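**Student:** Below is query15.cif; it holds mmCIF, C-alpha atoms and all ligand atoms.
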```
data_model
loop_
_atom_site.label_atom_id
_atom_site.label_comp_id
_atom_site.auth_asym_id
_atom_site.auth_seq_id
_atom_site.Cartn_x
_atom_site.Cartn_y
_atom_site.Cartn_z
CA MET A 1 26.93 27.65 -17.25
CA ARG A 2 28.14 25.64 -14.21
CA ILE A 3 25.09 23.77 -12.95
CA LEU A 4 24.71 21.49 -9.92
CA LEU A 5 21.76 19.16 -9.39
CA THR A 6 20.74 17.64 -6.04
CA GLY A 7 18.70 14.44 -6.20
CA ALA A 8 19.96 13.96 -9.77
CA GLY A 9 19.38 10.19 -9.67
CA GLY A 10 15.60 10.52 -9.73
CA GLN A 11 12.89 10.66 -12.39
CA ILE A 12 13.33 14.36 -13.22
CA GLY A 13 17.15 14.26 -12.97
CA HIS A 14 17.22 11.52 -15.58
CA ASP A 15 15.71 13.76 -18.27
CA LEU A 16 17.02 17.11 -16.99
CA ILE A 17 20.72 16.10 -17.03
CA GLY A 18 20.54 15.01 -20.67
CA THR A 19 18.83 18.25 -21.72
CA LEU A 20 21.35 20.41 -19.85
CA VAL A 21 24.34 18.53 -21.27
CA ALA A 22 22.90 18.75 -24.80
CA ALA A 23 22.58 22.54 -24.33
CA GLY A 24 26.33 22.72 -23.57
CA HIS A 25 26.20 23.31 -19.82
CA GLU A 26 28.79 21.99 -17.38
CA VAL A 27 26.70 19.70 -15.19
CA THR A 28 27.56 18.22 -11.78
CA PRO A 29 24.95 15.60 -10.86
CA THR A 30 24.74 14.79 -7.13
CA ASP A 31 22.61 12.33 -5.18
CA LEU A 32 22.60 10.31 -1.97
CA ALA A 33 22.46 7.21 -4.13
CA PRO A 34 25.13 6.05 -6.59
CA ARG A 35 24.65 6.87 -10.25
CA PRO A 36 21.78 4.66 -11.47
CA PRO A 37 22.58 2.52 -14.55
CA SER A 38 19.90 4.44 -16.48
CA HIS A 39 21.90 7.68 -15.94
CA ALA A 40 25.17 6.10 -17.15
CA HIS A 41 26.22 8.52 -19.86
CA ALA A 42 24.96 11.87 -18.70
CA GLY A 43 26.72 14.83 -17.09
CA GLY A 44 30.04 15.24 -15.34
CA GLU A 45 31.45 13.08 -12.58
CA TRP A 46 28.71 11.80 -10.27
CA GLN A 47 29.08 13.18 -6.74
CA ARG A 48 27.58 11.55 -3.69
CA LEU A 49 25.82 14.24 -1.66
CA ASP A 50 23.41 13.83 1.25
CA VAL A 51 21.51 17.12 1.46
CA THR A 52 20.78 16.53 5.15
CA ASP A 53 24.53 16.89 5.82
CA ALA A 54 25.07 20.67 5.97
CA ALA A 55 28.86 20.46 6.06
CA ALA A 56 28.93 18.18 3.02
CA VAL A 57 26.61 20.51 1.08
CA THR A 58 28.80 23.54 1.83
CA LYS A 59 31.99 21.62 1.00
CA LEU A 60 30.73 20.42 -2.39
CA PHE A 61 29.22 23.80 -3.32
CA THR A 62 32.59 25.39 -2.44
CA GLU A 63 34.41 22.95 -4.73
CA VAL A 64 31.98 23.17 -7.66
CA ARG A 65 31.04 26.87 -7.35
CA PRO A 66 27.77 26.41 -9.28
CA GLU A 67 26.13 29.38 -10.97
CA LEU A 68 22.77 27.61 -11.02
CA VAL A 69 21.41 24.86 -8.75
CA PHE A 70 18.42 22.62 -9.44
CA HIS A 71 17.35 21.33 -6.02
CA LEU A 72 15.53 18.06 -6.77
CA ALA A 73 16.38 15.90 -3.76
CA ALA A 74 13.22 14.94 -1.87
CA ILE A 75 11.18 12.10 -0.42
CA LEU A 76 7.90 12.04 -2.38
CA SER A 77 4.35 11.94 -1.04
CA ALA A 78 3.49 8.26 -0.58
CA ARG A 79 6.94 7.31 0.72
CA GLY A 80 6.89 10.38 2.96
CA GLU A 81 3.70 9.18 4.66
CA ALA A 82 5.38 5.83 5.34
CA ASP A 83 8.40 7.63 6.84
CA PRO A 84 7.48 11.22 7.80
CA ARG A 85 10.69 11.70 9.79
CA LEU A 86 12.80 10.95 6.73
CA ALA A 87 10.61 13.25 4.59
CA TYR A 88 11.09 16.04 7.15
CA ASP A 89 14.86 15.56 7.27
CA VAL A 90 15.41 15.45 3.51
CA ASN A 91 12.77 17.93 2.34
CA GLN A 92 12.90 20.45 5.18
CA THR A 93 16.43 20.33 6.61
CA GLY A 94 17.88 19.48 3.19
CA THR A 95 16.25 22.51 1.57
CA TRP A 96 17.46 24.72 4.42
CA ASN A 97 21.01 23.40 3.95
CA VAL A 98 20.93 24.04 0.20
CA LEU A 99 19.57 27.58 0.67
CA GLU A 100 22.21 28.30 3.32
CA ALA A 101 24.99 27.13 1.00
CA CYS A 102 23.57 29.31 -1.80
CA ARG A 103 23.50 32.32 0.53
CA ALA A 104 26.98 31.78 1.95
CA LEU A 105 28.61 31.06 -1.42
CA HIS A 106 26.65 33.63 -3.46
CA VAL A 107 25.18 31.06 -5.85
CA GLY A 108 23.45 33.06 -8.59
CA ARG A 109 20.21 31.12 -8.90
CA LEU A 110 18.35 28.25 -7.25
CA ILE A 111 15.44 26.34 -8.77
CA PHE A 112 13.04 24.75 -6.30
CA THR A 113 10.70 21.94 -7.34
CA SER A 114 7.46 22.28 -5.41
CA SER A 115 4.32 20.27 -5.95
CA ILE A 116 0.52 20.21 -6.07
CA ALA A 117 0.88 18.48 -2.67
CA VAL A 118 1.12 21.98 -1.09
CA PHE A 119 -2.65 22.15 -1.57
CA GLY A 120 -5.27 20.48 0.56
CA PRO A 121 -8.96 20.97 1.30
CA PRO A 122 -9.43 24.29 3.10
CA PRO A 123 -11.75 24.24 6.17
CA SER A 124 -14.13 26.57 4.29
CA GLY A 125 -14.92 24.03 1.53
CA PRO A 126 -13.34 22.40 -1.50
CA LEU A 127 -10.46 23.92 -3.45
CA PRO A 128 -11.49 26.12 -6.37
CA ASP A 129 -11.39 24.26 -9.70
CA PRO A 130 -9.07 25.22 -11.31
CA THR A 131 -6.94 26.14 -8.29
CA PRO A 132 -5.06 29.45 -8.56
CA ASP A 133 -1.58 30.21 -7.14
CA ASP A 134 -2.79 32.07 -4.10
CA VAL A 135 -5.20 30.04 -2.02
CA PRO A 136 -4.77 29.10 1.64
CA LEU A 137 -2.43 26.08 1.76
CA HIS A 138 -3.65 23.15 3.87
CA PRO A 139 -1.44 20.19 2.89
CA THR A 140 -2.46 16.81 4.29
CA THR A 141 0.92 15.05 3.92
CA MET A 142 4.34 15.58 5.47
CA TYR A 143 5.58 15.93 1.89
CA GLY A 144 3.15 18.80 1.31
CA VAL A 145 4.00 20.43 4.64
CA THR A 146 7.70 20.46 3.77
CA LYS A 147 7.03 21.76 0.25
CA VAL A 148 4.98 24.68 1.66
CA SER A 149 7.87 25.41 4.00
CA GLY A 150 10.36 25.16 1.13
CA GLU A 151 8.32 27.67 -0.89
CA LEU A 152 8.27 30.09 2.05
CA LEU A 153 11.99 29.62 2.66
CA CYS A 154 12.66 30.41 -1.01
CA ALA A 155 10.68 33.64 -0.74
CA TYR A 156 12.42 34.49 2.55
CA TYR A 157 15.95 33.91 1.21
CA ARG A 158 15.12 35.93 -1.86
CA ALA A 159 13.77 38.89 0.14
CA ARG A 160 16.21 38.73 3.04
CA HIS A 161 19.43 37.50 1.42
CA GLY A 162 19.00 38.16 -2.31
CA VAL A 163 19.21 34.46 -3.24
CA ASP A 164 17.42 34.29 -6.61
CA CYS A 165 15.26 31.30 -5.73
CA ARG A 166 12.35 30.48 -8.04
CA GLY A 167 10.22 27.41 -8.45
CA VAL A 168 7.28 25.59 -9.95
CA ARG A 169 4.50 23.54 -8.43
CA PHE A 170 4.68 20.42 -10.55
CA PRO A 171 1.62 18.32 -11.33
CA GLY A 172 2.19 14.54 -11.24
CA LEU A 173 4.93 13.92 -13.80
CA ILE A 174 4.76 11.04 -16.26
CA SER A 175 7.79 9.57 -18.05
CA ALA A 176 9.25 6.21 -19.03
CA ALA A 177 11.31 5.97 -15.85
CA MET A 178 11.22 4.46 -12.41
CA PRO A 179 8.67 6.42 -10.38
CA GLY A 180 9.77 7.63 -6.95
CA GLY A 181 6.81 6.69 -4.73
CA GLY A 182 4.44 9.49 -5.62
CA SER A 183 0.67 9.20 -5.35
CA SER A 184 0.29 9.89 -9.08
CA ASP A 185 2.16 6.68 -9.96
CA TYR A 186 -1.13 4.96 -10.96
CA ALA A 187 -1.08 6.99 -14.18
CA LEU A 188 2.36 5.74 -15.25
CA PHE A 189 1.52 2.15 -14.33
CA MET A 190 -1.44 2.26 -16.72
CA TYR A 191 1.17 2.59 -19.46
CA VAL A 192 3.78 0.20 -18.02
CA ASP A 193 1.47 -2.64 -17.02
CA GLY A 194 -0.72 -1.95 -20.04
CA VAL A 195 2.31 -2.75 -22.23
CA ARG A 196 3.87 -5.62 -20.29
CA LYS A 197 0.82 -7.37 -18.78
CA GLY A 198 -2.09 -6.11 -20.85
CA ALA A 199 -3.82 -5.20 -17.58
CA TYR A 200 -3.51 -2.93 -14.55
CA GLU A 201 -5.51 -2.59 -11.36
CA ALA A 202 -5.21 1.07 -10.36
CA PHE A 203 -4.95 2.02 -6.69
CA ALA A 204 -7.20 5.01 -7.50
CA ARG A 205 -10.90 5.36 -8.38
CA ALA A 206 -11.88 5.63 -12.05
CA ASP A 207 -13.07 9.22 -11.53
CA THR A 208 -9.82 10.38 -9.89
CA ARG A 209 -8.75 13.60 -11.56
CA ILE A 210 -5.49 15.40 -10.73
CA PRO A 211 -3.18 17.64 -12.74
CA LEU A 212 -0.62 15.65 -14.74
CA MET A 213 2.25 16.63 -17.05
CA TYR A 214 4.47 14.78 -19.51
CA MET A 215 8.12 14.94 -18.51
CA PRO A 216 9.44 16.77 -21.60
CA ASP A 217 7.11 19.65 -20.69
CA GLY A 218 8.24 19.47 -17.05
CA VAL A 219 11.92 19.65 -17.95
CA ARG A 220 11.30 22.51 -20.36
CA ALA A 221 9.38 24.40 -17.66
CA LEU A 222 12.37 24.15 -15.31
CA LEU A 223 14.75 25.40 -17.98
CA GLU A 224 12.51 28.25 -19.11
CA LEU A 225 11.93 29.43 -15.55
CA ALA A 226 15.66 29.13 -14.78
CA MET A 227 16.57 31.31 -17.77
CA ALA A 228 13.74 33.87 -17.43
CA ASP A 229 14.60 37.52 -16.70
CA ARG A 230 14.19 38.23 -13.01
CA GLU A 231 12.41 41.50 -13.81
CA ARG A 232 9.60 39.61 -15.53
CA LEU A 233 8.89 37.38 -12.53
CA THR A 234 6.16 38.66 -10.24
CA ARG A 235 6.24 35.55 -8.02
CA THR A 236 8.71 33.18 -6.38
CA ILE A 237 6.70 29.99 -7.02
CA TYR A 238 4.38 29.29 -9.98
CA ASN A 239 1.57 26.83 -10.68
CA ILE A 240 2.17 25.13 -14.04
CA ALA A 241 -0.41 22.97 -15.79
CA ALA A 242 -0.81 20.73 -18.82
CA MET A 243 -3.74 18.27 -18.48
CA SER A 244 -6.17 16.93 -15.89
CA PRO A 245 -7.60 13.63 -17.14
CA ARG A 246 -9.69 11.25 -15.04
CA ALA A 247 -8.07 7.86 -14.47
CA ASP A 248 -10.55 6.20 -16.84
CA GLU A 249 -9.79 8.82 -19.51
CA ILE A 250 -6.12 7.80 -19.30
CA ALA A 251 -7.26 4.19 -19.78
CA THR A 252 -9.24 5.20 -22.88
CA SER A 253 -6.24 7.03 -24.28
CA VAL A 254 -3.91 4.04 -23.67
CA ARG A 255 -6.43 1.66 -25.28
CA ARG A 256 -6.22 3.63 -28.53
CA LEU A 257 -2.73 2.06 -28.87
CA LEU A 258 -3.27 -1.11 -26.78
CA PRO A 259 -6.87 -2.07 -27.59
CA ASP A 260 -6.81 -5.29 -25.52
CA ALA A 261 -5.53 -3.73 -22.30
CA GLN A 262 -7.87 -4.17 -19.31
CA PHE A 263 -8.01 -1.54 -16.56
CA THR A 264 -9.72 -1.98 -13.22
CA TYR A 265 -9.88 0.23 -10.15
CA LYS A 266 -9.35 -0.75 -6.53
CA PRO A 267 -8.78 2.43 -4.50
CA GLU A 268 -6.22 2.12 -1.74
CA ALA A 269 -7.19 4.29 1.22
CA VAL A 270 -3.99 6.24 1.94
CA ARG A 271 -3.08 7.12 -1.62
CA GLN A 272 -6.71 7.76 -2.66
CA GLY A 273 -7.00 10.09 0.33
CA ILE A 274 -3.92 12.00 -0.82
CA LEU A 275 -5.20 12.20 -4.40
CA ASP A 276 -8.61 13.47 -3.23
CA SER A 277 -6.93 16.23 -1.22
CA TRP A 278 -5.18 17.67 -4.29
CA PRO A 279 -6.57 20.14 -6.85
CA LYS A 280 -8.38 18.66 -9.84
CA ALA A 281 -6.77 21.25 -12.13
CA LEU A 282 -4.38 24.19 -11.75
CA ASP A 283 -4.75 27.79 -12.90
CA ASP A 284 -1.31 28.67 -14.29
CA ALA A 285 -2.14 32.10 -15.74
CA ALA A 286 0.77 33.80 -13.92
CA ALA A 287 3.38 31.44 -15.39
CA ARG A 288 1.89 31.88 -18.87
CA ARG A 289 1.93 35.67 -18.49
CA ASP A 290 5.31 36.18 -16.75
CA TRP A 291 7.63 33.74 -18.51
CA GLY A 292 5.58 32.46 -21.43
CA TRP A 293 4.85 28.99 -20.06
CA ALA A 294 2.90 26.82 -22.51
CA HIS A 295 2.56 23.03 -22.40
CA ALA A 296 3.07 21.05 -25.61
CA TYR A 297 1.60 17.64 -24.70
CA ASP A 298 -2.05 16.89 -24.03
CA LEU A 299 -3.18 13.40 -22.96
CA ASP A 300 -3.27 11.72 -26.38
CA ALA A 301 -0.01 13.36 -27.52
CA MET A 302 1.64 12.03 -24.36
CA THR A 303 0.21 8.55 -24.91
CA ASP A 304 1.41 8.45 -28.53
CA ASP A 305 4.96 9.34 -27.44
CA LEU A 306 5.06 7.35 -24.22
CA VAL A 307 3.79 3.91 -25.23
CA PRO A 308 6.71 3.21 -27.63
CA ARG A 309 9.17 4.52 -25.02
CA VAL A 310 7.74 2.28 -22.31
CA ARG A 311 7.92 -0.66 -24.70
CA ARG A 312 11.59 0.10 -25.42
CA MET A 313 12.34 0.54 -21.73
CA LEU A 314 10.81 -2.85 -20.92
CA GLU A 315 12.67 -4.51 -23.78
CA LEU A 316 15.89 -3.14 -22.31
CA GLY A 317 15.00 -5.00 -19.14
CA ALA A 318 14.15 -2.15 -16.80
CA THR A 319 12.66 -3.36 -13.56
CA LEU A 320 9.82 -1.32 -12.17
CA ASN A 321 7.91 -1.62 -8.94
CA THR A 322 4.29 -2.53 -9.28
CA HIS A 323 1.89 -0.79 -6.95
N1 LIG B 1 7.86 13.28 -10.05
C1 LIG B 1 6.79 14.03 -9.78
O1 LIG B 1 5.68 13.70 -10.19
C2 LIG B 1 6.95 15.30 -8.99
C3 LIG B 1 5.83 16.12 -8.82
C4 LIG B 1 5.95 17.28 -8.08
C5 LIG B 1 7.18 17.66 -7.57
N2 LIG B 1 8.27 16.86 -7.76
C6 LIG B 1 9.54 17.27 -7.15
O2 LIG B 1 10.59 17.22 -8.10
C7 LIG B 1 11.80 16.82 -7.44
C8 LIG B 1 12.39 15.61 -8.13
O3 LIG B 1 11.42 14.60 -8.20
P1 LIG B 1 11.68 13.16 -8.83
O4 LIG B 1 10.41 12.70 -9.42
O5 LIG B 1 12.90 13.18 -9.66
O6 LIG B 1 11.91 12.33 -7.49
P2 LIG B 1 12.66 10.92 -7.28
O7 LIG B 1 12.13 10.32 -6.04
O8 LIG B 1 12.62 10.15 -8.55
O9 LIG B 1 14.16 11.41 -7.05
C9 LIG B 1 14.56 12.05 -5.86
C10 LIG B 1 16.02 11.79 -5.67
O10 LIG B 1 16.40 12.35 -4.41
C11 LIG B 1 17.39 11.50 -3.88
N3 LIG B 1 17.52 11.68 -2.43
C12 LIG B 1 16.76 11.14 -1.44
N4 LIG B 1 17.26 11.51 -0.24
C13 LIG B 1 18.35 12.28 -0.49
C14 LIG B 1 19.28 12.95 0.34
N5 LIG B 1 19.22 12.88 1.68
N6 LIG B 1 20.28 13.66 -0.26
C15 LIG B 1 20.37 13.72 -1.61
N7 LIG B 1 19.52 13.09 -2.44
C16 LIG B 1 18.52 12.38 -1.88
C17 LIG B 1 16.94 10.09 -4.23
O11 LIG B 1 18.05 9.19 -4.19
C18 LIG B 1 16.39 10.29 -5.64
O12 LIG B 1 17.36 10.02 -6.63
C19 LIG B 1 11.43 16.55 -5.99
O13 LIG B 1 11.76 17.68 -5.22
C20 LIG B 1 9.94 16.35 -6.03
O14 LIG B 1 9.35 16.71 -4.80
C21 LIG B 1 8.18 15.69 -8.46
#
```
Please rewrite the model in this file as structure tokens.
**Tutor:**
Amino acid sequence: MRILLTGAGGQIGHDLIGTLVAAGHEVTPTDLAPRPPSHAHAGGEWQRLDVTDAAAVTKLFTEVRPELVFHLAAILSARGEADPRLAYDVNQTGTWNVLEACRALHVGRLIFTSSIAVFGPPPSGPLPDPTPDDVPLHPTTMYGVTKVSGELLCAYYRARHGVDCRGVRFPGLISAAMPGGGSSDYALFMYVDGVRKGAYEAFARADTRIPLMYMPDGVRALLELAMADRERLTRTIYNIAAMSPRADEIATSVRRLLPDAQFTYKPEAVRQGILDSWPKALDDAAARRDWGWAHAYDLDAMTDDLVPRVRRMLELGATLNTH
């Protein structure tokens, strides 16, 4: 299959490209940024594409003629609060441009990557725990606002123009890669700084609990949804879930492998506020029913796999931001 990725240089693109290439697909990775060194050997020729540039999106889609598009390009939650205008341009206008190109060029299928950031505390009280697909959406961040809009645009283009757009609401994703400025980054840094410094001061409270997922499950979810029969899908966008540990439960899991690691908690107001506005856990019954979604990694299984990978990544000299 001819597959194009936007935002391919990011955390998800890193793992998704390799999986798609291994499955024999013809992959065109695109991103605003040049190919990162970590993505050196994956996919076809790297194409520079700014999704906010409508003409450039149409031109490249015309050249590549993708049958399937994974639309990953976005500005994530914490960075989006620092620069809401940029988040609006990339997430809102960029998604519009990609949908328009899919409509005009009859692209068969588009996969949209939404987020738990579409949720926020409703005026009537806290979110249900676990939070189902269909609750009133009251996002508190520009990132969440643009993801709600992207979900609605997907449903609109599907109903009005027959663009087969489908998507998942990802929990915070954890992998041995450079995080992109999301509010869930504290979880990954427990592993990274646990390995390289033997200590980490989290920017979240010890009792912070949000839905998380290990990247191999996240990549598999995208592929399984992309390949699912349209007739089986009763929704455009699906909650998917794997685990919902508290921050101090992640620390306990990491300490099984790194017994000397010290974890402390110093909540930082903006990111803690974002984390507190999100669901504690997701109800993903529709995804499990419609396309057979099932996660493979719980917290300890993720820790067992991730700690050696983080160690290897650090030995290879990867430079990560500390938050
Ligand atoms: N990582 C998570 O925890 C998570 C959770 C929920 C949803 N998602 C969604 O999954 C998708 C991919 O996330 P990720 O973790 O790989 O993010 P990331 O920040 O690691 O990567 C995003 C990529 O988009 C690119 N980009 C930024 N502006 C662009 C533009 N104008 N044109 C083209 N590319 C541009 C960046 O260069 C970057 O490579 C995003 O849509 C994100 O909202 C991610």
**Student:** I'd like the contact shell of Arg169 (chain A) - 6 Å cut-off, all atoms listed in the file, skipping same-chain residues fewer than 4 positions apart - returned as a ChimeraX atom specification.
**Tutor:** /A:114-116,238-239
**Student:** Which of these residues is nearest to Cys154 (chain A), using only C-alpha atoms: A:Thr236, A:Ser175, A:Ser184, A:Gln11?
**Tutor:**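 Looking only at the distances to Cys154 (chain A), the closest residue turns out to be A:Thr236.
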**Student:** Write out as number ranges by chain each polymer residue (protein, DNA or RNA) that has an atom no more than 6 Å from ligand LIG 1 (chain B), with all atoms listed in the file counted.
**Tutor:** A: 6-13, 31-33, 49-52, 72-76, 90, 113-115, 170-173, 179-180
**Student:** May I have the residues within 10 Å of Lys147 (chain A) as a list of chain:residue names, using all atoms listed in the file and disregarding those fewer than 2 positions away in the same chain?
**Tutor:**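 The neighbour list is A:Ala74, A:Tyr88, A:Asn91, A:Gln92, A:Thr95, A:Phe112, A:Thr113, A:Ser114, A:Ser115, A:Ile116, A:Ala117, A:Val118, A:Phe119, A:Pro139, A:Thr141, A:Met142, A:Tyr143, A:Gly144, A:Val145, A:Ser149, A:Gly150, A:Glu151, A:Leu152, A:Leu153, A:Arg169.
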**Student:** For Arg205 (chain A), which of A:Ala247, A:Ala242, A:Leu223, A:Leu306 is the closest residue, counting all atoms listed in the file?
**Tutor:**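 Under the stated criterion, the closest residue is A:Ala247.
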**Student:** Give me, please, the distance in Å between CA of Phe203 (chain A) and CA of Pro216 (chain A), quoted to one decimal.
**Tutor:**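 CA of Pro216 (chain A) lies at a distance of 25.4 Å from CA of Phe203 (chain A).
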**Student:** Would you mind listing what lies within 9 Å of Tyr297 (chain A) as a short mmCIF file (atom, residue, chain, number, x, y, z; two decimals) with C-alpha atoms, in the coordinates of the input, with all atoms listed in the file counted and same-chain residues fewer than 2 positions away left out?
**Tutor:**
```
data_model
loop_
_atom_site.label_atom_id
_atom_site.label_comp_id
_atom_site.auth_asym_id
_atom_site.auth_seq_id
_atom_site.Cartn_x
_atom_site.Cartn_y
_atom_site.Cartn_z
CA MET A 213 2.25 16.63 -17.05
CA TYR A 214 4.47 14.78 -19.51
CA PRO A 216 9.44 16.77 -21.60
CA ASP A 217 7.11 19.65 -20.69
CA ALA A 242 -0.81 20.73 -18.82
CA MET A 243 -3.74 18.27 -18.48
CA HIS A 295 2.56 23.03 -22.40
CA LEU A 299 -3.18 13.40 -22.96
CA ASP A 300 -3.27 11.72 -26.38
CA ALA A 301 -0.01 13.36 -27.52
CA MET A 302 1.64 12.03 -24.36
#
```
**Student:** At a cut-off of 6 Å from (20.8, 33.7, 2.8) in the coordinates of the file, what residues are picked up using only C-alpha atoms, written as an mmCIF file with C-alpha atoms, in the coordinates of the input?
**Tutor:**
```cif
data_model
loop_
_atom_site.group_PDB
_atom_site.id
_atom_site.type_symbol
_atom_site.label_atom_id
_atom_site.label_comp_id
_atom_site.auth_asym_id
_atom_site.auth_seq_id
_atom_site.Cartn_x
_atom_site.Cartn_y
_atom_site.Cartn_z
ATOM 1 C CA GLU A 100 22.210 28.300 3.320
ATOM 2 C CA ARG A 103 23.500 32.320 0.530
ATOM 3 C CA TYR A 157 15.950 33.910 1.210
ATOM 4 C CA HIS A 161 19.430 37.500 1.420
#
```
**Student:** Separation of CA of Leu225 (chain A) and CA of Phe70 (chain A), in Å?
**Tutor:**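 Taking CA of Leu225 (chain A) and CA of Phe70 (chain A), their separation equals 11.2 Å.
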**Student:** Restricting the calculation to all atoms listed in the file: of A:Val57, A:Ala101, A:Ala296, A:Ser183, which residue gets closest to Val219 (chain A)?
**Tutor:** A:Ala296
**Student:** Have a look at CA of Arg235 (chain A) and CA of Thr131 (chain A) and let me know their distance in Å, one decimal.
**Tutor:**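 Spanning CA of Arg235 (chain A) to CA of Thr131 (chain A) is a straight-line distance of 16.2 Å.
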